[in-house]
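Enquirer: Below is one structure. I have some questions about it.
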Amino acid sequence: HNESIACQFSITKLIKKLKYSETIKMLKNIIKSFAICAVLMNALGFVVIPTKSFISRSRNGISMSATVSKPPTEKSSQMSPYNISIINSSDDFIEVMASNAHRPVVIKFYDKFCRACKAIAPKFEKMSQENPGVSFHQMSFTDNKSLCKSLGIKMLPTIQIYHGSKGKVAELPVGPKRFHIAEKTLSDILEESSTSDGHTGSIKIPN
């Protein structure tokens with residue numbers, strides 16, 4: 001739920017007392033002031049949306065109004081086109097582990113300013129497509145420094161793999177040239193799981 005406030009500019013002089021040229025000048029000043037306000041709000045991360053009665057006239061003159069709101073933060077329920085969800089808190093991490101107790105969980109730790117992280121992004125997306133029975137997630141180091149440090153993240157990008165009661169079964173600092181190690185590790189974990197469960201092939205997503 002977004003909290004919102006009204007951003008309004010008013011002119012106290014009566015519109016009927018102004019000449020046409022003065023009215024136009026006044027409107028330009030209001031729009032200029034409103035634009036400056038919108039730019040400042042956007043810089044602070046707010047979204048400025050004009051109201052239905054963006055420009056209105058009243059007994060006291062004319063005014064402009066808009067709703068200023070803070071956009072929602074990313075949550076683990078948000079999914080990319082490749083079904084890679086975002087872990088954005090300790091609660092998200094615990095929920096992911098609890099809801100995937102019977103299948104491997106792969107987490108990519110990255111930073112938006114990390115060039116190697118950007119380079120492996122397509123490879124990670126491809127890996128998620130090729131392994132539909134695995135739960136894929138990603139976590140921003142910048143947004144979750146304390147959590148990342150508590151999970152032992154010291155290099156970026158890093159991929160961790162968890163598997164049910166076994167807990168963390170792999171931690172792999174990877175780059176574009178080493179990503180095949182993560183792919184091979186996950187493949188080995190899936191093969192071992194299939195053998196121990198008496199099944200062959202990839203792990204199926206439970207209903």
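Residues are named by chain letter and number: chains run A, B, ... in the order of the structure tokens, numbers start at 1 in each chain, and ligands are numbered from 1 in the order shown.
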Against region 175-194 of chain A, which residues of region 91-140 of chain A fall within 12 Å? For each one I want the closest pair of atoms and the distance in Å (one decimal), counting only C-alpha atoms, rows by chain and increasing residue number, as a tab-separated table.
Expert:
```
residue	atom	partner	partner_atom	distance
A:His102	CA	A:Ser193	CA	10.1
A:Arg103	CA	A:Ser193	CA	8.9
A:Pro104	CA	A:Leu190	CA	7.9
A:Val105	CA	A:Leu186	CA	9.8
A:Val106	CA	A:Leu186	CA	8.5
A:Ile107	CA	A:Ala182	CA	11.1
A:Lys108	CA	A:Ala182	CA	10.5
A:Phe109	CA	A:Gly175	CA	11.7
A:Tyr110	CA	A:Gly175	CA	10.9
A:Cys114	CA	A:Gly175	CA	10.5
A:Arg115	CA	A:Gly175	CA	9.5
A:Ala116	CA	A:Gly175	CA	5.7
A:Cys117	CA	A:Gly175	CA	7.3
A:Lys118	CA	A:Pro176	CA	9.3
A:Ala119	CA	A:Pro176	CA	6.1
A:Ile120	CA	A:Pro176	CA	5.4
A:Ala121	CA	A:Pro176	CA	9.2
A:Pro122	CA	A:Pro176	CA	9.9
A:Lys123	CA	A:Phe179	CA	7.6
A:Phe124	CA	A:Phe179	CA	8.5
A:Glu125	CA	A:Glu183	CA	11.7
A:Lys126	CA	A:Glu183	CA	10.2
A:Met127	CA	A:Glu183	CA	7.2
A:Ser128	CA	A:Glu183	CA	10.2
A:Glu130	CA	A:Glu183	CA	10.2
A:Asn131	CA	A:Ser187	CA	9.2
A:Pro132	CA	A:Leu190	CA	11.7
A:Gly133	CA	A:Leu190	CA	9.5
A:Val134	CA	A:Leu190	CA	9.0
A:Ser135	CA	A:Leu186	CA	11.6
A:Phe136	CA	A:Leu186	CA	11.6
```
Enquirer: Skip Ala170 (chain A) itself and residues of its chain fewer than 2 positions away, then list as number ranges by chain all residues within 8 Å of it, counting only C-alpha atoms.
Expert: A: 159-162, 168, 172, 185
Enquirer: Name all residues at most 9 Å from region 142-147 of chain A (count only C-alpha atoms; drop same-chain ones fewer than 3 positions away) and give them as a ChimeraX atom specification.
Expert: /A:87-90,110-112,139,150-153
Enquirer: If you run DSSP over the backbone, which residues in region 101-206 of chain A end up strand (DSSP E or B)? Put them as number ranges by chain.
Expert: A: 104-110, 135-140, 158-163, 168-173
Enquirer: With distances taken over only C-alpha atoms, which residue among A:Leu156, A:Val169, A:Cys148, A:Val174 lies nearest Phe93 (chain A)?
Expert: A:Cys148
